[in-house]
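Colleague: Pasting a structure here, questions to come.
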Amino acid sequence: MTDPAKESKAPAPDAVTPQPVVMHENTPGNAAISSDSGLMARLKGVMAQPNDSTQKTLLVTVIMCLVCSVVVSAAAVVLRPTQEANAALDRKRNIVQVAGLLEEGGDVEAAFKNVNARIVNLDTGEYTDQFNDVGYDQYVAARDPNLSIELTKETDIAGIGRRAQYAEVYLIGSEENFEQIVLPVHGLGLWSTLYGFVSLESDLQTISGLKFYKHAETPGLGGEVDNPVWQGKWKGKLAFDEAGQLQVEVVKGVVDPASSTAAYQVDGLAGATLTSRGVSQLLRFWLDEQGFGGFLDKLKQREAS
Ligand SMILES: Cc1cc2nc3c(=O)[nH]c(=O)nc-3n(C[C@H](O)[C@H](O)[C@H](O)COP(=O)(O)O)c2cc1C
């Protein structure tokens, strides 16, 4: 006789009976899970050890290193656009400052509105538009053999080794009718390469400003290149004489106002003859034929015609 209770619990003939999922030790997923949980168990075991145990100290150190490196990397990635924007703003600030266009606490972007940036081929003295879409950094280019030339011992009076073929220039005003032109300059001082800008009036002869934004000369000695009083001595000095000969120089000591060459000379920095000489040499390099000389000649010809 059949038991009616057992009969009612029997599955319908075509129903699918769910089978339990059996994980075998040798399946890959299972191996990962078991090794993960094994690792976790070991880590927990180490963390449960006393604070002065070597294993726990090492583990905490490794975890701290990983966390810190993730935080630093994330900060570097997140802050990069801000850093680039600040670097660009700083460059603009230096350009408008050397041209005397920025009042104390003034708006850099507003002062920069009147600045027309162009790239010049230093070999031909002509403007080029070839980097308009890709951007150009003269100091990066100076390390690229395809975009720079190696200077000889005789020509490298600024001690820079290589010179980029192209350089950015900044016209204050329009290309045809500018009030000043700001040129990037750099060269070796005593301890470091000084990076800065020189600004020329529209006569392309008179210096309206000289400013360095990066160097590692000694504060109080070569570092006095940043002293506004010394920087002020450059305003109105002549870079070239009437015949177009480059004459500007920093003298040792104080300029003799009675001298026939006083208009081209600036006082040396006390106790920093080598930095002073470096400034003299870098200016003479960049204003002469190895630097912007060809470009300045072309501008003079254009103005004369
Ligand atoms: C610690 C120290 C830092 C110096 N820094 C500079 C410097 O930044 N620029 C420089 O031209 N001379 C510097 N000098 C001095 C030079 O070594 C060198 O004596 C000087 O340029 C000569 O200039 P003077 O003839 O005007 O004394 C420094 C000297 C010392 C001891």
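Ordered as shown in the structure tokens, chains take letters A, B, and onward, while each chain numbers its residues from 1 and ligands are numbered from 1 in the order shown.
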Looking only at the backbone, which of the residues in range 32-234 of chain A does DSSP tag as helix (DSSP H, G or I), as a count of residues only?
Modeller: 80
Colleague: List all protein, DNA and RNA residues that have at least one atom no more than 9 Å from any atom of ligand 1, counting only C-alpha atoms and all ligand atoms, and write them as a PDB file with N, CA and C atoms, in the first residue's frame.
Modeller:
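Output file result33.pdb follows:
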```pdb
ATOM      1  N   GLY A 189      74.771  81.684 -14.735  1.00  0.00           N
ATOM      2  CA  GLY A 189      75.324  82.633 -13.765  1.00  0.00           C
ATOM      3  C   GLY A 189      76.528  81.984 -13.113  1.00  0.00           C
ATOM      4  N   LEU A 190      76.578  82.011 -11.772  1.00  0.00           N
ATOM      5  CA  LEU A 190      77.665  81.284 -11.101  1.00  0.00           C
ATOM      6  C   LEU A 190      77.231  79.847 -10.792  1.00  0.00           C
ATOM      7  N   TRP A 191      76.085  79.709 -10.126  1.00  0.00           N
ATOM      8  CA  TRP A 191      75.635  78.375  -9.690  1.00  0.00           C
ATOM      9  C   TRP A 191      74.557  77.794 -10.571  1.00  0.00           C
ATOM     10  N   SER A 192      73.941  78.602 -11.382  1.00  0.00           N
ATOM     11  CA  SER A 192      72.708  78.141 -12.038  1.00  0.00           C
ATOM     12  C   SER A 192      72.486  78.845 -13.362  1.00  0.00           C
ATOM     13  N   ALA A 216      69.223  79.972  -9.302  1.00  0.00           N
ATOM     14  CA  ALA A 216      69.604  79.486  -7.964  1.00  0.00           C
ATOM     15  C   ALA A 216      70.910  80.163  -7.534  1.00  0.00           C
ATOM     16  N   GLU A 217      71.009  81.469  -7.816  1.00  0.00           N
ATOM     17  CA  GLU A 217      72.174  82.223  -7.344  1.00  0.00           C
ATOM     18  C   GLU A 217      72.013  82.490  -5.839  1.00  0.00           C
ATOM     19  N   THR A 218      73.111  82.847  -5.185  1.00  0.00           N
ATOM     20  CA  THR A 218      73.063  83.003  -3.721  1.00  0.00           C
ATOM     21  C   THR A 218      72.244  84.234  -3.318  1.00  0.00           C
ATOM     22  N   PRO A 219      71.269  84.040  -2.426  1.00  0.00           N
ATOM     23  CA  PRO A 219      70.523  85.209  -1.940  1.00  0.00           C
ATOM     24  C   PRO A 219      71.493  86.226  -1.333  1.00  0.00           C
ATOM     25  N   GLY A 220      71.298  87.484  -1.643  1.00  0.00           N
ATOM     26  CA  GLY A 220      72.160  88.550  -1.100  1.00  0.00           C
ATOM     27  C   GLY A 220      73.382  88.809  -1.965  1.00  0.00           C
ATOM     28  N   LEU A 221      73.747  87.846  -2.843  1.00  0.00           N
ATOM     29  CA  LEU A 221      74.898  88.043  -3.759  1.00  0.00           C
ATOM     30  C   LEU A 221      74.341  88.002  -5.195  1.00  0.00           C
ATOM     31  N   GLY A 222      74.526  86.870  -5.883  1.00  0.00           N
ATOM     32  CA  GLY A 222      73.964  86.782  -7.234  1.00  0.00           C
ATOM     33  C   GLY A 222      72.445  86.908  -7.238  1.00  0.00           C
ATOM     34  N   GLY A 223      71.818  86.500  -6.122  1.00  0.00           N
ATOM     35  CA  GLY A 223      70.357  86.558  -6.020  1.00  0.00           C
ATOM     36  C   GLY A 223      69.818  87.984  -6.081  1.00  0.00           C
ATOM     37  N   GLU A 224      70.718  88.976  -5.980  1.00  0.00           N
ATOM     38  CA  GLU A 224      70.296  90.379  -6.071  1.00  0.00           C
ATOM     39  C   GLU A 224      69.813  90.756  -7.474  1.00  0.00           C
ATOM     40  N   LYS A 252      81.827  95.861 -13.771  1.00  0.00           N
ATOM     41  CA  LYS A 252      82.231  95.545 -12.392  1.00  0.00           C
ATOM     42  C   LYS A 252      82.203  96.863 -11.625  1.00  0.00           C
ATOM     43  N   GLY A 253      81.499  96.913 -10.536  1.00  0.00           N
ATOM     44  CA  GLY A 253      81.390  98.163  -9.775  1.00  0.00           C
ATOM     45  C   GLY A 253      80.270  99.047 -10.298  1.00  0.00           C
ATOM     46  N   GLY A 268      77.410  96.575 -11.725  1.00  0.00           N
ATOM     47  CA  GLY A 268      77.533  95.169 -11.344  1.00  0.00           C
ATOM     48  C   GLY A 268      76.954  94.946  -9.961  1.00  0.00           C
ATOM     49  N   LEU A 269      76.664  93.681  -9.639  1.00  0.00           N
ATOM     50  CA  LEU A 269      76.141  93.340  -8.309  1.00  0.00           C
ATOM     51  C   LEU A 269      77.325  93.176  -7.361  1.00  0.00           C
ATOM     52  N   ALA A 270      77.284  93.846  -6.204  1.00  0.00           N
ATOM     53  CA  ALA A 270      78.398  93.805  -5.257  1.00  0.00           C
ATOM     54  C   ALA A 270      78.632  92.378  -4.772  1.00  0.00           C
ATOM     55  N   GLY A 271      79.889  91.922  -4.845  1.00  0.00           N
ATOM     56  CA  GLY A 271      80.243  90.582  -4.361  1.00  0.00           C
ATOM     57  C   GLY A 271      79.719  89.470  -5.263  1.00  0.00           C
ATOM     58  N   ALA A 272      79.247  89.833  -6.447  1.00  0.00           N
ATOM     59  CA  ALA A 272      78.677  88.814  -7.351  1.00  0.00           C
ATOM     60  C   ALA A 272      79.102  89.103  -8.792  1.00  0.00           C
ATOM     61  N   THR A 273      80.392  89.239  -8.965  1.00  0.00           N
ATOM     62  CA  THR A 273      80.912  89.555 -10.303  1.00  0.00           C
ATOM     63  C   THR A 273      80.586  88.460 -11.313  1.00  0.00           C
ATOM     64  N   LEU A 274      80.576  87.205 -10.839  1.00  0.00           N
ATOM     65  CA  LEU A 274      80.355  86.112 -11.799  1.00  0.00           C
ATOM     66  C   LEU A 274      78.909  86.067 -12.277  1.00  0.00           C
ATOM     67  N   THR A 275      77.971  86.299 -11.372  1.00  0.00           N
ATOM     68  CA  THR A 275      76.563  86.363 -11.799  1.00  0.00           C
ATOM     69  C   THR A 275      76.370  87.557 -12.728  1.00  0.00           C
ATOM     70  N   SER A 276      76.984  88.696 -12.353  1.00  0.00           N
ATOM     71  CA  SER A 276      76.859  89.913 -13.177  1.00  0.00           C
ATOM     72  C   SER A 276      77.384  89.646 -14.580  1.00  0.00           C
ATOM     73  N   ARG A 277      78.529  88.975 -14.651  1.00  0.00           N
ATOM     74  CA  ARG A 277      79.104  88.667 -15.963  1.00  0.00           C
ATOM     75  C   ARG A 277      78.171  87.744 -16.748  1.00  0.00           C
ATOM     76  N   GLY A 278      77.578  86.795 -16.023  1.00  0.00           N
ATOM     77  CA  GLY A 278      76.627  85.863 -16.666  1.00  0.00           C
ATOM     78  C   GLY A 278      75.458  86.622 -17.291  1.00  0.00           C
TER      79      GLY A 278
END
```
Colleague: Kindly give the distance, in Å, that separates CA of Val169 in chain A and CA of Asn116 in chain A, rounded to a single decimal.
Modeller: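 So the answer is 8.3 Å.
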Colleague: Identify, on the basis of only C-alpha atoms, every residue whose closest approach to Pro228 in chain A does not exceed 12 Å; exclude the query and any residue fewer than 6 positions from it along the same chain; express the result as a list of chain:residue names.
Modeller: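 Once the adjacent positions are removed, what remains is A:Gln97, A:Val98, A:Gly209, A:Leu210, A:Lys211, A:Phe212, A:Trp234, A:Lys235.
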Colleague: Write the residues you've just listed into a file as a compact mmCIF listing (two decimals), in the first residue's frame, and include C-alpha atoms for each of them.
Modeller:
```
# COMPACT_ATOMS: atom_id res chain seq x y z
CA GLN A 97 55.85 92.87 -15.34
CA VAL A 98 59.02 93.17 -17.42
CA GLY A 209 63.02 96.06 -18.50
CA LEU A 210 64.95 92.95 -17.49
CA LYS A 211 63.57 90.36 -15.09
CA PHE A 212 64.60 86.85 -14.08
CA TRP A 234 67.95 98.65 -16.81
CA LYS A 235 65.09 100.91 -17.82
```
Colleague: Between A:Gly100, A:Gly38, A:Gly135, A:Gly244, which is the closest to Asp203 in chain A once you count only C-alpha atoms?
Modeller: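 Of A:Gly100, A:Gly38, A:Gly135, A:Gly244, the one nearest Asp203 in chain A is A:Gly244, counting only C-alpha atoms.
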Colleague: Go through A:Ser260, A:Ser305, A:Asn132, A:Ser174 one by one, measure the shortest atom-to-atom distance of each to Asp241 in chain A using only C-alpha atoms, and give the residue with the smallest value.
Modeller: A:Ser260
Colleague: Which residues, written as a PDB file with C-alpha atoms, in the first residue's frame, have at least one atom at most 8 Å from His186 in chain A, with only C-alpha atoms counted and residues fewer than 2 positions away on the same chain left out?
Modeller:
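Once everything was written out, this is part.pdb:
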```pdb
ATOM      1  CA  ALA A 158      75.777  82.303 -22.458  1.00  0.00           C
ATOM      2  CA  ILE A 160      73.638  77.094 -22.497  1.00  0.00           C
ATOM      3  CA  PRO A 184      62.924  85.242 -23.428  1.00  0.00           C
ATOM      4  CA  LEU A 188      74.637  80.604 -16.905  1.00  0.00           C
ATOM      5  CA  THR A 193      71.056  79.009 -15.325  1.00  0.00           C
ATOM      6  CA  LEU A 194      69.099  82.236 -15.046  1.00  0.00           C
ATOM      7  CA  TYR A 195      65.793  82.357 -16.962  1.00  0.00           C
ATOM      8  CA  GLY A 196      64.124  85.665 -17.664  1.00  0.00           C
ATOM      9  CA  LEU A 282      73.384  86.017 -21.755  1.00  0.00           C
TER      10      LEU A 282
END
```
